[in-house]
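> Take a look at this one; I'll ask things after.
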Amino acid sequence: MILFEIKKVFSRTGSKVGMLVLCITLAVTGYFAIGDTTYVDREGNGHTGIAAVHTLREEKEKWIGVVTEGYLKEVIRTNNEINAVYPYDPSDPVTSDKGYSLSQGFEDIRAIINSAFGGFRSYDYFRIDSVTEEEVGNLYENRIKNVKTWLASDEAKELYDEAEREYIVDSYETLKTPFYYEPKDGWQAAIEYVIVIIMITMLVLGFFVSGIFSCEFQWKADSIFFSTKHGRKKGTLCKLAAGLLIVTVVYWSMILLFSLIVFSVYGTSGADCVIQMGHAGWKSLYHITYVQEYLLVIVGGYVGVLFILLLSMLVSAKTHTGVIAVTIPFIMIFIQSFLGGFPKLTAILGLLPDQLLQLNMAIHTFALYEIGGKVIPSVPILMTIYPILCIMLLPILYQVYHRTEIK
């Protein structure tokens, strides 16, 4: 009976179109994830594609190691030597690109030096050019100093109370240093572009599952379904199981295929680097590595997708139509756009299920909540609340459809 319910879903023309959309999304997103990397050769010419990814990785592998004071001094020394021969000149892009071709191997290190010495709320790409060998050893201390300075500003005082500011500083001070570096482009690309996969997969799955609990009503076969011996019990359970299987199999198939595309090209180098080794994660409060962030993003995405689609199926079961149910995923995605301009709703919006679909954003921001006098960041809250809500929705969905009255 479960297979029959699944067959009914995928026999529809709309579902076949949906599968085509997923395939196109996978191909296009994989293409952009790989094409996002550019390698500049010694003549200053840019290259993209698989060969460029491999060549750039070879350049970056020359800088694998623990980012100690001596390591940072070597970066400054090398950068100064390159600038002496190929100074940056907006009027001479060829010379500038030739200089970049020699420095692109330590581009990731350049980013954290710029972040550490450029202030908390600003970023200057050329800040490294004025940092001395004597100063660069203060990189980790500067990260803490910058956040303390910002937290003491009027802007931060309006956003966080004393307990939250103490939590942020403690997170910065307890982060283990020095960092370890190796090329991590694959993880950065995967984390950035998997969000597209998660969003599109959820929207397509919304079309798949919205009709599972309403098709009998559309076909005027509801009286037959509910009058059969096993219609209300096993029939309802089979519909619920079919919905869960479709969501789970399609979601994880898309994630697996996307991951294979990205990591087969980039490799898995950098998995154990802390996310603070990248510009996007430099300010993060979470003491996690790139592989841990990726796992959080895809698992959180699954929980978010499952919750939203269970809600969609519940609406379908209650209203006996898939038209309203199919709008639920769209509403959840765009609710931030409509309500994000209201500061008083920021705390509530930060805990809505759409946050799970882009969990990397929560990981990179200071989204904090006080519960029972204890400060807790948003990610643990999201990853606790929504699995519980998903479990709670299962019996509710069953009871709503099980008790349907025939009119």
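For the structure tokens, the naming scheme is as follows: chains receive sequential letters (A, B, ...) according to their order of presentation, residues are indexed from 1 within each chain, and ligands are indexed from 1 in presentation order.
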Do you know which residues are at most 7 Å from region 361-363 of chain A counting only C-alpha atoms, after dropping those on the same chain fewer than 4 positions away, and could you put them as a VMD selection string?
chain A and resid 284 286 367 378 to 379
> Could you tell me, as a PyMOL selection string, which residues of region 156-405 of chain A DSSP assigns to alpha helix (DSSP H) when given the backbone?
chain A and resi 156-159+162-174+185-209+215-218+222-227+236-266+290-319+322-325+328-339+346-349+359-363+378-402
> Which neighbours of Leu394 (chain A) fall inside 9 Å, counting only C-alpha atoms, when residues of the same chain fewer than 5 positions from it are skipped, and could you give them as a count of residues only?
4
> Report as an mmCIF file with N, CA and C atoms, in the first residue's frame all protein, DNA and RNA residues lying within 8 Å of region 97-109 of chain A, evaluated on only C-alpha atoms, omitting residues in the same chain fewer than 6 positions from it.

data_model
loop_
_atom_site.group_PDB
_atom_site.id
_atom_site.type_symbol
_atom_site.label_atom_id
_atom_site.label_comp_id
_atom_site.auth_asym_id
_atom_site.auth_seq_id
_atom_site.Cartn_x
_atom_site.Cartn_y
_atom_site.Cartn_z
ATOM 1 N N TYR A 39 41.391 30.538 -10.878
ATOM 2 C CA TYR A 39 42.852 30.491 -10.748
ATOM 3 C C TYR A 39 43.461 31.487 -11.733
ATOM 4 N N VAL A 40 44.397 32.294 -11.254
ATOM 5 C CA VAL A 40 45.072 33.283 -12.100
ATOM 6 C C VAL A 40 46.487 32.801 -12.381
ATOM 7 N N ASP A 41 46.813 32.653 -13.667
ATOM 8 C CA ASP A 41 48.153 32.155 -14.019
ATOM 9 C C ASP A 41 49.179 33.274 -13.918
ATOM 10 N N ARG A 42 50.442 32.941 -14.179
ATOM 11 C CA ARG A 42 51.529 33.902 -13.991
ATOM 12 C C ARG A 42 51.470 35.075 -14.963
ATOM 13 N N GLU A 43 50.682 34.944 -16.042
ATOM 14 C CA GLU A 43 50.523 36.042 -16.985
ATOM 15 C C GLU A 43 49.356 36.953 -16.614
ATOM 16 N N GLY A 44 48.658 36.593 -15.528
ATOM 17 C CA GLY A 44 47.539 37.410 -15.080
ATOM 18 C C GLY A 44 46.207 37.035 -15.689
ATOM 19 N N ASN A 45 46.151 35.871 -16.347
ATOM 20 C CA ASN A 45 44.905 35.426 -16.971
ATOM 21 C C ASN A 45 44.123 34.531 -16.022
ATOM 22 N N LEU A 56 44.722 25.699 -8.312
ATOM 23 C CA LEU A 56 44.666 26.605 -7.165
ATOM 24 C C LEU A 56 44.899 25.843 -5.866
ATOM 25 N N ARG A 57 44.372 24.627 -5.778
ATOM 26 C CA ARG A 57 44.591 23.825 -4.569
ATOM 27 C C ARG A 57 46.074 23.531 -4.381
ATOM 28 N N GLU A 59 48.522 25.433 -5.274
ATOM 29 C CA GLU A 59 49.132 26.670 -4.784
ATOM 30 C C GLU A 59 48.883 26.835 -3.290
ATOM 31 N N LYS A 60 47.673 26.545 -2.860
ATOM 32 C CA LYS A 60 47.321 26.721 -1.452
ATOM 33 C C LYS A 60 47.955 25.664 -0.564
ATOM 34 N N GLU A 61 48.204 24.490 -1.117
ATOM 35 C CA GLU A 61 48.811 23.421 -0.327
ATOM 36 C C GLU A 61 50.228 23.765 0.117
ATOM 37 N N LYS A 62 50.849 24.732 -0.545
ATOM 38 C CA LYS A 62 52.190 25.177 -0.148
ATOM 39 C C LYS A 62 52.158 25.866 1.221
ATOM 40 N N TRP A 63 50.955 26.261 1.662
ATOM 41 C CA TRP A 63 50.825 26.995 2.921
ATOM 42 C C TRP A 63 50.136 26.174 4.009
ATOM 43 N N VAL A 75 54.017 34.984 5.846
ATOM 44 C CA VAL A 75 52.991 35.483 4.929
ATOM 45 C C VAL A 75 53.219 36.969 4.650
ATOM 46 N N ASN A 79 54.211 38.565 1.078
ATOM 47 C CA ASN A 79 53.309 39.566 0.495
ATOM 48 C C ASN A 79 54.061 40.853 0.167
ATOM 49 N N ILE A 82 56.176 40.373 -2.976
ATOM 50 C CA ILE A 82 55.354 40.391 -4.192
ATOM 51 C C ILE A 82 54.962 41.822 -4.548
ATOM 52 N N ASN A 83 54.564 42.593 -3.536
ATOM 53 C CA ASN A 83 54.158 43.987 -3.772
ATOM 54 C C ASN A 83 55.320 44.834 -4.288
ATOM 55 N N VAL A 85 57.577 43.916 -6.345
ATOM 56 C CA VAL A 85 57.781 43.643 -7.776
ATOM 57 C C VAL A 85 56.534 43.970 -8.587
ATOM 58 N N TYR A 86 55.375 43.604 -8.035
ATOM 59 C CA TYR A 86 54.089 43.828 -8.733
ATOM 60 C C TYR A 86 53.152 44.640 -7.845
ATOM 61 N N PRO A 87 53.382 45.929 -7.696
ATOM 62 C CA PRO A 87 52.506 46.750 -6.837
ATOM 63 C C PRO A 87 51.103 46.854 -7.430
ATOM 64 N N TYR A 88 50.124 46.937 -6.545
ATOM 65 C CA TYR A 88 48.743 47.093 -7.023
ATOM 66 C C TYR A 88 48.576 48.451 -7.657
ATOM 67 N N MET A 277 38.737 30.039 10.241
ATOM 68 C CA MET A 277 39.829 30.168 9.280
ATOM 69 C C MET A 277 39.362 30.830 7.992
ATOM 70 N N GLY A 278 38.058 31.010 7.837
ATOM 71 C CA GLY A 278 37.525 31.664 6.649
ATOM 72 C C GLY A 278 36.926 33.013 7.000
ATOM 73 N N HIS A 279 36.837 33.901 6.029
ATOM 74 C CA HIS A 279 36.294 35.239 6.277
ATOM 75 C C HIS A 279 34.843 35.162 6.763
#
> Give me the residues within 10 Å of Phe307 (chain A) as a PyMOL selection string, counting only C-alpha atoms and dropping any in the same chain fewer than 3 places off.
chain A and resi 301-304+310-313+353-354+356+386-391+393-394
> Grab the residues selected above and save them as a PDB file, in the first residue's frame with N, CA and C atoms.

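Once written, selection.pdb looks like this:
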ATOM      1  N   GLY A 301      18.861  21.253   7.603  1.00  0.00           N
ATOM      2  CA  GLY A 301      18.012  21.420   6.431  1.00  0.00           C
ATOM      3  C   GLY A 301      16.962  20.332   6.340  1.00  0.00           C
ATOM      4  N   TYR A 302      17.362  19.110   6.638  1.00  0.00           N
ATOM      5  CA  TYR A 302      16.403  17.990   6.596  1.00  0.00           C
ATOM      6  C   TYR A 302      15.306  18.172   7.639  1.00  0.00           C
ATOM      7  N   VAL A 303      15.697  18.548   8.841  1.00  0.00           N
ATOM      8  CA  VAL A 303      14.713  18.761   9.911  1.00  0.00           C
ATOM      9  C   VAL A 303      13.739  19.870   9.516  1.00  0.00           C
ATOM     10  N   GLY A 304      14.279  20.975   8.962  1.00  0.00           N
ATOM     11  CA  GLY A 304      13.428  22.076   8.538  1.00  0.00           C
ATOM     12  C   GLY A 304      12.485  21.692   7.416  1.00  0.00           C
ATOM     13  N   LEU A 310       5.585  18.354   6.704  1.00  0.00           N
ATOM     14  CA  LEU A 310       4.576  17.728   7.568  1.00  0.00           C
ATOM     15  C   LEU A 310       3.448  18.723   7.837  1.00  0.00           C
ATOM     16  N   LEU A 311       3.811  19.979   8.019  1.00  0.00           N
ATOM     17  CA  LEU A 311       2.808  21.021   8.204  1.00  0.00           C
ATOM     18  C   LEU A 311       1.960  21.160   6.945  1.00  0.00           C
ATOM     19  N   SER A 312       2.602  21.074   5.798  1.00  0.00           N
ATOM     20  CA  SER A 312       1.889  21.144   4.526  1.00  0.00           C
ATOM     21  C   SER A 312       0.921  19.972   4.376  1.00  0.00           C
ATOM     22  N   MET A 313       1.369  18.770   4.745  1.00  0.00           N
ATOM     23  CA  MET A 313       0.497  17.597   4.671  1.00  0.00           C
ATOM     24  C   MET A 313      -0.660  17.697   5.654  1.00  0.00           C
ATOM     25  N   PRO A 353      11.136  28.005  11.369  1.00  0.00           N
ATOM     26  CA  PRO A 353      11.752  26.847  10.699  1.00  0.00           C
ATOM     27  C   PRO A 353      12.576  27.180   9.468  1.00  0.00           C
ATOM     28  N   ASP A 354      12.320  28.343   8.844  1.00  0.00           N
ATOM     29  CA  ASP A 354      13.108  28.697   7.666  1.00  0.00           C
ATOM     30  C   ASP A 354      14.583  28.879   8.008  1.00  0.00           C
ATOM     31  N   LEU A 356      16.341  26.880   9.656  1.00  0.00           N
ATOM     32  CA  LEU A 356      16.990  25.583   9.491  1.00  0.00           C
ATOM     33  C   LEU A 356      17.389  25.331   8.041  1.00  0.00           C
ATOM     34  N   TYR A 386      12.685  21.631  16.770  1.00  0.00           N
ATOM     35  CA  TYR A 386      11.999  21.151  15.573  1.00  0.00           C
ATOM     36  C   TYR A 386      11.992  19.631  15.397  1.00  0.00           C
ATOM     37  N   PRO A 387      13.011  18.894  15.825  1.00  0.00           N
ATOM     38  CA  PRO A 387      12.845  17.428  15.815  1.00  0.00           C
ATOM     39  C   PRO A 387      11.683  16.982  16.704  1.00  0.00           C
ATOM     40  N   ILE A 388      11.534  17.653  17.857  1.00  0.00           N
ATOM     41  CA  ILE A 388      10.427  17.328  18.765  1.00  0.00           C
ATOM     42  C   ILE A 388       9.090  17.668  18.109  1.00  0.00           C
ATOM     43  N   LEU A 389       9.010  18.835  17.457  1.00  0.00           N
ATOM     44  CA  LEU A 389       7.778  19.230  16.783  1.00  0.00           C
ATOM     45  C   LEU A 389       7.434  18.291  15.632  1.00  0.00           C
ATOM     46  N   CYS A 390       8.455  17.813  14.933  1.00  0.00           N
ATOM     47  CA  CYS A 390       8.216  16.845  13.847  1.00  0.00           C
ATOM     48  C   CYS A 390       7.569  15.576  14.397  1.00  0.00           C
ATOM     49  N   ILE A 391       8.098  15.092  15.509  1.00  0.00           N
ATOM     50  CA  ILE A 391       7.547  13.886  16.136  1.00  0.00           C
ATOM     51  C   ILE A 391       6.117  14.141  16.600  1.00  0.00           C
ATOM     52  N   LEU A 393       3.970  16.215  15.299  1.00  0.00           N
ATOM     53  CA  LEU A 393       3.066  16.377  14.164  1.00  0.00           C
ATOM     54  C   LEU A 393       2.583  15.035  13.595  1.00  0.00           C
ATOM     55  N   LEU A 394       3.378  14.001  13.763  1.00  0.00           N
ATOM     56  CA  LEU A 394       3.013  12.701  13.190  1.00  0.00           C
ATOM     57  C   LEU A 394       1.681  12.179  13.725  1.00  0.00           C
TER      58      LEU A 394
END
> If we count only C-alpha atoms, what is near Cys273 (chain A) at a cut-off of 10 Å, once residues fewer than 3 positions away on the same chain are taken out, given as a list in words?
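Within the cut-off, the hits are Phe179, Tyr180, Tyr181, Glu182, Pro183, Lys184, Ser269, Gly270, Gln276, Met277, Gly278, Ile288, Thr289, Tyr290, Val291 and Gln292 of chain A.
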> What would the file look like if the residues just selected were written as a PDB file, in the first residue's frame with C-alpha atoms?

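The file below, result.pdb, is the result:
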ATOM      1  CA  PHE A 179      44.537  27.600  13.948  1.00  0.00           C
ATOM      2  CA  TYR A 180      45.516  24.865  11.540  1.00  0.00           C
ATOM      3  CA  TYR A 181      45.277  25.656   7.840  1.00  0.00           C
ATOM      4  CA  GLU A 182      44.864  23.645   4.696  1.00  0.00           C
ATOM      5  CA  PRO A 183      42.839  24.383   1.522  1.00  0.00           C
ATOM      6  CA  LYS A 184      39.109  24.311   2.337  1.00  0.00           C
ATOM      7  CA  SER A 269      40.895  18.964   2.244  1.00  0.00           C
ATOM      8  CA  GLY A 270      40.251  21.387   5.104  1.00  0.00           C
ATOM      9  CA  GLN A 276      37.100  30.891  11.860  1.00  0.00           C
ATOM     10  CA  MET A 277      39.829  30.168   9.280  1.00  0.00           C
ATOM     11  CA  GLY A 278      37.525  31.664   6.649  1.00  0.00           C
ATOM     12  CA  ILE A 288      33.281  23.776  15.041  1.00  0.00           C
ATOM     13  CA  THR A 289      35.156  22.621  11.958  1.00  0.00           C
ATOM     14  CA  TYR A 290      34.076  22.844   8.332  1.00  0.00           C
ATOM     15  CA  VAL A 291      32.908  19.237   8.201  1.00  0.00           C
ATOM     16  CA  GLN A 292      30.869  19.785  11.361  1.00  0.00           C
TER      17      GLN A 292
END
> Going by DSSP on the backbone, which bits of region 205-399 of chain A are strand (DSSP E or B)? Write them as a list in words, please.
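For region 205-399 of chain A, the strand (DSSP E or B) set is Val274, Thr289, Leu368, Tyr369, Glu370, Ile371, Lys374, Val375, Ile376 and Pro377 of chain A.
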> Just C-alpha atoms for this one: save the residues we selected as an mmCIF file, in the first residue's frame.

data_model
loop_
_atom_site.group_PDB
_atom_site.id
_atom_site.type_symbol
_atom_site.label_atom_id
_atom_site.label_comp_id
_atom_site.auth_asym_id
_atom_site.auth_seq_id
_atom_site.Cartn_x
_atom_site.Cartn_y
_atom_site.Cartn_z
ATOM 1 C CA VAL A 274 37.903 25.594 12.294
ATOM 2 C CA THR A 289 35.156 22.621 11.958
ATOM 3 C CA LEU A 368 21.411 34.574 21.205
ATOM 4 C CA TYR A 369 18.558 33.800 23.602
ATOM 5 C CA GLU A 370 18.297 33.739 27.376
ATOM 6 C CA ILE A 371 16.467 30.743 28.821
ATOM 7 C CA LYS A 374 21.376 30.994 30.699
ATOM 8 C CA VAL A 375 22.507 32.361 27.334
ATOM 9 C CA ILE A 376 22.049 29.884 24.480
ATOM 10 C CA PRO A 377 22.797 30.455 20.779
#
> Do you have the CA of Val17 (chain A)-CA of Thr319 (chain A) distance handy?
25.0 Å
> Quote the spacing between CA of Gln188 (chain A) and CA of Ser259 (chain A) in Å to one decimal place.
11.9 Å
> Write out as a PyMOL selection string which residues come within 12 Å of Asp170 (chain A) when counting only C-alpha atoms, dropping same-chain ones fewer than 3 positions away.
chain A and resi 144+147-148+163-167+173-176+285-287+375
> As an exercise, work out the distance from CA of Glu58 (chain A) to CA of Asn114 (chain A) in Å and give it to one decimal place.
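Separating CA of Glu58 (chain A) from CA of Asn114 (chain A) is a distance of 23.1 Å.
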